[in-house]
>>> print(open('target.cif').read())   # mmCIF, C-alpha atoms
data_protein
#
loop_
_atom_site.group_PDB
_atom_site.id
_atom_site.type_symbol
_atom_site.label_atom_id
_atom_site.label_comp_id
_atom_site.auth_asym_id
_atom_site.auth_seq_id
_atom_site.Cartn_x
_atom_site.Cartn_y
_atom_site.Cartn_z
ATOM 1 C CA MET A 8 0.000 0.000 0.000
ATOM 2 C CA LYS A 9 2.851 2.427 0.885
ATOM 3 C CA ASN A 10 4.593 1.633 -2.396
ATOM 4 C CA THR A 11 1.381 2.348 -4.325
ATOM 5 C CA TYR A 12 1.173 5.819 -2.777
ATOM 6 C CA LYS A 13 4.838 6.448 -3.580
ATOM 7 C CA ILE A 14 4.267 5.418 -7.195
ATOM 8 C CA ILE A 15 1.167 7.615 -7.494
ATOM 9 C CA ILE A 16 2.958 10.588 -5.906
ATOM 10 C CA GLY A 17 5.929 9.996 -8.227
ATOM 11 C CA ILE A 18 3.656 9.941 -11.268
ATOM 12 C CA VAL A 19 1.873 13.136 -10.146
ATOM 13 C CA ILE A 20 5.207 14.893 -9.575
ATOM 14 C CA ALA A 21 6.455 13.732 -12.997
ATOM 15 C CA ILE A 22 3.283 15.078 -14.639
ATOM 16 C CA ILE A 23 3.620 18.425 -12.858
ATOM 17 C CA ILE A 24 7.288 18.720 -13.857
ATOM 18 C CA SER A 25 6.421 17.786 -17.463
ATOM 19 C CA VAL A 26 3.690 20.453 -17.608
ATOM 20 C CA LEU A 27 6.046 23.086 -16.161
ATOM 21 C CA ILE A 28 8.778 22.164 -18.654
ATOM 22 C CA TYR A 29 6.278 22.315 -21.519
ATOM 23 C CA PHE A 30 5.094 25.815 -20.597
ATOM 24 C CA ALA A 31 8.637 27.046 -19.965
ATOM 25 C CA THR A 32 10.015 25.767 -23.272
ATOM 26 C CA ARG A 33 7.097 25.996 -25.689
ATOM 27 C CA PRO A 34 7.641 28.300 -28.644
ATOM 28 C CA LYS A 35 6.370 31.811 -28.102
ATOM 29 C CA THR A 36 3.888 33.149 -30.585
ATOM 30 C CA ILE A 37 4.429 36.627 -31.936
ATOM 31 C CA ASN A 38 1.727 39.205 -31.344
ATOM 32 C CA LYS A 39 -0.186 40.451 -34.371
ATOM 33 C CA PHE A 40 0.412 43.996 -35.617
ATOM 34 C CA THR A 41 -0.743 46.272 -38.387
ATOM 35 C CA PHE A 42 1.701 48.370 -40.375
ATOM 36 C CA PRO A 43 1.437 51.178 -42.913
ATOM 37 C CA SER A 44 1.639 50.070 -46.548
ATOM 38 C CA THR A 45 4.694 52.315 -46.958
ATOM 39 C CA LEU A 46 6.688 50.032 -44.655
ATOM 40 C CA VAL A 47 7.975 47.120 -46.713
ATOM 41 C CA VAL A 48 10.270 44.403 -45.398
ATOM 42 C CA THR A 49 11.102 41.434 -47.592
ATOM 43 C CA ASN A 50 12.557 38.296 -46.079
ATOM 44 C CA ASN A 51 14.693 36.479 -48.652
ATOM 45 C CA THR A 52 16.117 34.137 -45.997
ATOM 46 C CA SER A 53 14.977 30.960 -44.266
ATOM 47 C CA TYR A 54 14.535 32.761 -40.931
ATOM 48 C CA LYS A 55 10.871 32.645 -39.993
ATOM 49 C CA ALA A 56 9.252 35.918 -38.914
ATOM 50 C CA LEU A 57 12.384 37.951 -39.725
ATOM 51 C CA ASP A 58 10.248 40.405 -41.686
ATOM 52 C CA THR A 59 7.695 40.749 -38.879
ATOM 53 C CA ILE A 60 10.407 41.245 -36.254
ATOM 54 C CA ALA A 61 12.052 43.950 -38.361
ATOM 55 C CA MET A 62 8.741 45.676 -39.105
ATOM 56 C CA VAL A 63 7.838 45.801 -35.404
ATOM 57 C CA ALA A 64 11.228 47.293 -34.561
ATOM 58 C CA ILE A 65 11.173 49.807 -37.425
ATOM 59 C CA ASN A 66 7.575 50.953 -36.964
ATOM 60 C CA LYS A 67 6.859 50.514 -33.259
ATOM 61 C CA ILE A 68 10.297 51.336 -31.782
ATOM 62 C CA LEU A 69 12.051 53.593 -34.305
ATOM 63 C CA LEU A 70 8.670 55.053 -35.351
ATOM 64 C CA TYR A 71 9.388 55.005 -39.093
ATOM 65 C CA ASN A 72 6.468 54.516 -41.473
ATOM 66 C CA THR A 73 8.285 54.672 -44.811
ATOM 67 C CA ILE A 74 11.216 52.278 -45.077
ATOM 68 C CA ASN A 75 12.072 49.424 -47.458
ATOM 69 C CA VAL A 76 14.332 46.676 -46.134
ATOM 70 C CA ASP A 77 15.333 43.509 -47.963
ATOM 71 C CA PHE A 78 16.969 40.702 -45.981
ATOM 72 C CA TYR A 79 19.370 38.345 -47.737
ATOM 73 C CA ILE A 80 21.693 35.530 -46.704
ATOM 74 C CA MET A 81 25.234 36.896 -46.606
ATOM 75 C CA PRO A 82 27.650 35.511 -49.213
ATOM 76 C CA LEU A 83 30.053 33.007 -47.630
ATOM 77 C CA SER A 84 33.069 34.969 -48.842
ATOM 78 C CA TYR A 85 32.480 37.777 -46.322
ATOM 79 C CA SER A 86 33.625 35.771 -43.279
ATOM 80 C CA THR A 87 37.191 34.524 -43.020
ATOM 81 C CA GLU A 88 39.233 32.713 -40.380
ATOM 82 C CA ASP A 89 40.389 36.116 -39.087
ATOM 83 C CA ILE A 90 37.053 37.950 -39.194
ATOM 84 C CA GLN A 91 33.653 36.502 -38.318
ATOM 85 C CA ILE A 92 30.876 38.672 -39.728
ATOM 86 C CA ILE A 93 27.298 37.944 -38.649
ATOM 87 C CA GLY A 94 25.943 40.396 -41.196
ATOM 88 C CA PHE A 95 25.931 43.945 -42.470
ATOM 89 C CA ILE A 96 23.707 46.652 -43.908
ATOM 90 C CA ARG A 97 23.882 48.595 -47.152
ATOM 91 C CA LYS A 98 21.820 51.635 -48.049
ATOM 92 C CA ASN A 99 20.546 51.781 -51.603
ATOM 93 C CA PRO A 100 22.128 55.009 -52.897
ATOM 94 C CA PHE A 101 19.560 55.270 -55.700
ATOM 95 C CA LYS A 102 16.355 54.953 -53.688
ATOM 96 C CA LEU A 103 15.467 56.876 -50.521
ATOM 97 C CA HIS A 104 14.729 54.938 -47.322
ATOM 98 C CA THR A 105 15.805 51.631 -48.899
ATOM 99 C CA TYR A 106 18.224 49.177 -47.303
ATOM 100 C CA MET A 107 19.627 45.697 -47.830
ATOM 101 C CA ILE A 108 20.590 43.703 -44.764
ATOM 102 C CA PHE A 109 22.724 40.596 -45.164
ATOM 103 C CA ILE A 110 22.776 37.965 -42.417
ATOM 104 C CA GLU A 111 24.900 34.880 -41.950
ATOM 105 C CA LYS A 112 23.116 31.622 -42.738
ATOM 106 C CA GLU A 113 23.985 29.890 -39.448
ATOM 107 C CA THR A 114 22.783 32.576 -37.016
ATOM 108 C CA ASP A 115 20.496 31.317 -34.217
ATOM 109 C CA VAL A 116 17.118 32.944 -33.555
ATOM 110 C CA THR A 117 18.209 34.796 -30.395
ATOM 111 C CA SER A 118 21.174 36.240 -32.248
ATOM 112 C CA VAL A 119 18.880 37.292 -35.105
ATOM 113 C CA ILE A 120 16.916 39.593 -32.765
ATOM 114 C CA THR A 121 20.166 41.014 -31.386
ATOM 115 C CA PHE A 122 21.482 41.447 -34.932
ATOM 116 C CA ILE A 123 18.329 43.243 -36.090
ATOM 117 C CA SER A 124 18.470 45.515 -33.024
ATOM 118 C CA HIS A 125 22.036 46.448 -33.916
ATOM 119 C CA GLU A 126 21.457 46.986 -37.642
ATOM 120 C CA LEU A 127 18.347 49.091 -37.036
ATOM 121 C CA THR A 128 20.493 51.545 -35.106
ATOM 122 C CA HIS A 129 22.468 51.925 -38.340
ATOM 123 C CA ILE A 130 19.229 52.534 -40.253
ATOM 124 C CA LYS A 131 18.392 55.293 -37.782
ATOM 125 C CA GLN A 132 21.894 56.771 -38.139
ATOM 126 C CA MET A 133 21.538 56.746 -41.943
ATOM 127 C CA GLU A 134 17.991 58.120 -41.935
ATOM 128 C CA GLU A 135 19.178 61.003 -39.716
ATOM 129 C CA GLY A 136 22.069 61.639 -42.126
ATOM 130 C CA ARG A 137 24.670 60.993 -39.425
ATOM 131 C CA LEU A 138 26.084 57.837 -41.094
ATOM 132 C CA ILE A 139 26.991 58.049 -44.774
ATOM 133 C CA GLU A 140 28.671 55.239 -46.698
ATOM 134 C CA LEU A 141 31.116 56.633 -49.242
ATOM 135 C CA SER A 142 32.405 53.206 -50.317
ATOM 136 C CA ASP A 143 32.737 49.652 -48.994
ATOM 137 C CA THR A 144 35.640 50.792 -46.809
ATOM 138 C CA ILE A 145 34.972 54.461 -46.037
ATOM 139 C CA SER A 146 32.096 55.980 -44.082
ATOM 140 C CA VAL A 147 31.373 59.352 -42.557
ATOM 141 C CA PHE A 148 29.811 59.452 -39.093
ATOM 142 C CA ASN A 149 28.846 62.744 -37.480
ATOM 143 C CA GLY A 150 31.247 64.512 -39.850
ATOM 144 C CA ASP A 151 34.238 62.247 -39.155
ATOM 145 C CA THR A 152 35.615 60.121 -42.003
ATOM 146 C CA ILE A 153 36.263 56.522 -40.970
ATOM 147 C CA ASN A 154 38.506 54.267 -43.042
ATOM 148 C CA PHE A 155 37.863 50.586 -42.210
ATOM 149 C CA HIS A 156 41.522 49.739 -42.797
ATOM 150 C CA LYS A 157 42.679 52.286 -40.208
ATOM 151 C CA VAL A 158 39.957 52.115 -37.541
ATOM 152 C CA PRO A 159 39.200 48.712 -35.988
ATOM 153 C CA TYR A 160 35.561 47.623 -36.062
ATOM 154 C CA ASP A 161 35.003 47.950 -32.313
ATOM 155 C CA GLU A 162 36.490 51.487 -32.287
ATOM 156 C CA ARG A 163 34.231 52.951 -34.987
ATOM 157 C CA ALA A 164 31.933 55.514 -33.344
ATOM 158 C CA TYR A 165 28.807 54.374 -35.194
ATOM 159 C CA GLU A 166 29.429 50.758 -34.119
ATOM 160 C CA ILE A 167 29.967 51.843 -30.512
ATOM 161 C CA GLU A 168 26.615 53.644 -30.648
ATOM 162 C CA ALA A 169 24.900 50.629 -32.246
ATOM 163 C CA PHE A 170 26.240 48.277 -29.568
ATOM 164 C CA ALA A 171 25.163 50.734 -26.860
ATOM 165 C CA ASN A 172 21.611 50.935 -28.283
ATOM 166 C CA GLN A 173 21.007 47.335 -29.327
ATOM 167 C CA GLY A 174 20.217 46.075 -25.817
ATOM 168 C CA ASP A 175 17.449 48.649 -25.307
ATOM 169 C CA ILE A 176 15.982 47.966 -28.745
ATOM 170 C CA GLU A 177 16.180 44.215 -28.148
ATOM 171 C CA ARG A 178 14.356 44.488 -24.798
ATOM 172 C CA MET A 179 11.627 46.696 -26.279
ATOM 173 C CA LEU A 180 11.345 44.383 -29.267
ATOM 174 C CA ASN A 181 10.976 41.239 -27.152
ATOM 175 C CA LYS A 182 8.403 42.978 -24.983
ATOM 176 C CA LEU A 183 6.361 44.086 -27.998
ATOM 177 C CA LEU A 184 6.650 40.771 -29.814
ATOM 178 C CA TYR A 185 5.790 38.418 -26.988
ATOM 179 C CA GLN A 186 3.984 40.287 -24.211
ATOM 180 C CA LYS A 187 0.228 39.924 -24.041
ATOM 181 C CA LEU A 188 -1.367 42.949 -25.684
#
>>> encode(input="target.cif", output="structure tokens")
Amino acid sequence: MKNTYKIIIGIVIAIIISVLIYFATRPKTINKFTFPSTLVVTNNTSYKALDTIAMVAINKILLYNTINVDFYIMPLSYSTEDIQIIGFIRKNPFKLHTYMIFIEKETDVTSVITFISHELTHIKQMEEGRLIELSDTISVFNGDTINFHKVPYDERAYEIEAFANQGDIERMLNKLLYQKL
């Protein structure tokens, strides 16, 4: 009789633990949003909801209504043994408010949100006219010319600002995406 109670209690505890694990690890569903038709984000990658995540950040956090962003998988040739690049952004010089963002194929979902938070700071810098790309290796930020060959990545002022802002954007983004509305 005592063993029966122990078995029943063990089964009940196992069920409770299983239910708790299920609710703690189940995939979160993204809240539904509406966006202006002038905000266009195209996801040309295999990352699910990348376009929705970017649109929420652009429209609900940065408060832009007219932006075009195309996401692409980054060409393999951009990362080397010496430099690991998760992705980068390019402004279309021929079309206002239009950007291409390239992301590494093997990036995990958590890193994707961090990456988007970082790159959207660059969109804001470019939209404000504070960051201007002159070529693939030369940019101007707040009036200062930055040559990629002379200034290390982590010492570039616009990257320092993007790293400083990405945590706040990421927190706001996660709150908007997953919190009950």
>>> closest_residue(input="target.cif", among="A:Leu46, A:Gln173, A:Phe40, A:Lys98", to="Ile120 (chain A)", atoms="only C-alpha atoms")
A:Gln173
>>> closest_residue(input="target.cif", among="A:Leu183, A:Ile15, A:Leu83, A:Ile65", to="Ile37 (chain A)", atoms="all atoms listed in the file")
A:Leu183
>>> resolve_selection(input="target.cif", expression="the PyMOL selection byres ((chain A and resi 107) around 12)", output="tab-separated table (two decimals) with C-alpha atoms, in the coordinates of the input")
chain	number	residue	atom	x	y	z
A	47	VAL	CA	7.98	47.12	-46.71
A	48	VAL	CA	10.27	44.40	-45.40
A	49	THR	CA	11.10	41.43	-47.59
A	50	ASN	CA	12.56	38.30	-46.08
A	51	ASN	CA	14.69	36.48	-48.65
A	74	ILE	CA	11.22	52.28	-45.08
A	75	ASN	CA	12.07	49.42	-47.46
A	76	VAL	CA	14.33	46.68	-46.13
A	77	ASP	CA	15.33	43.51	-47.96
A	78	PHE	CA	16.97	40.70	-45.98
A	79	TYR	CA	19.37	38.34	-47.74
A	80	ILE	CA	21.69	35.53	-46.70
A	81	MET	CA	25.23	36.90	-46.61
A	94	GLY	CA	25.94	40.40	-41.20
A	95	PHE	CA	25.93	43.94	-42.47
A	96	ILE	CA	23.71	46.65	-43.91
A	97	ARG	CA	23.88	48.60	-47.15
A	98	LYS	CA	21.82	51.64	-48.05
A	99	ASN	CA	20.55	51.78	-51.60
A	100	PRO	CA	22.13	55.01	-52.90
A	102	LYS	CA	16.36	54.95	-53.69
A	104	HIS	CA	14.73	54.94	-47.32
A	105	THR	CA	15.80	51.63	-48.90
A	106	TYR	CA	18.22	49.18	-47.30
A	108	ILE	CA	20.59	43.70	-44.76
A	109	PHE	CA	22.72	40.60	-45.16
A	110	ILE	CA	22.78	37.97	-42.42
A	126	GLU	CA	21.46	46.99	-37.64
A	127	LEU	CA	18.35	49.09	-37.04
A	129	HIS	CA	22.47	51.92	-38.34
A	130	ILE	CA	19.23	52.53	-40.25
>>> residues_around(input="target.cif", residues="Lys39 (chain A)", least_positions_apart="5", cutoff="10 Å", atoms="all atoms listed in the file", output="VMD selection string")
chain A and resid 59 63 183 to 185 188
>>> residues_near_point(input="target.cif", point="(31.2, 55.6, -35.6)", cutoff="12 Å", atoms="all atoms listed in the file", output="ChimeraX atom specification")
/A:128-129,132-133,137-140,145-155,158-171
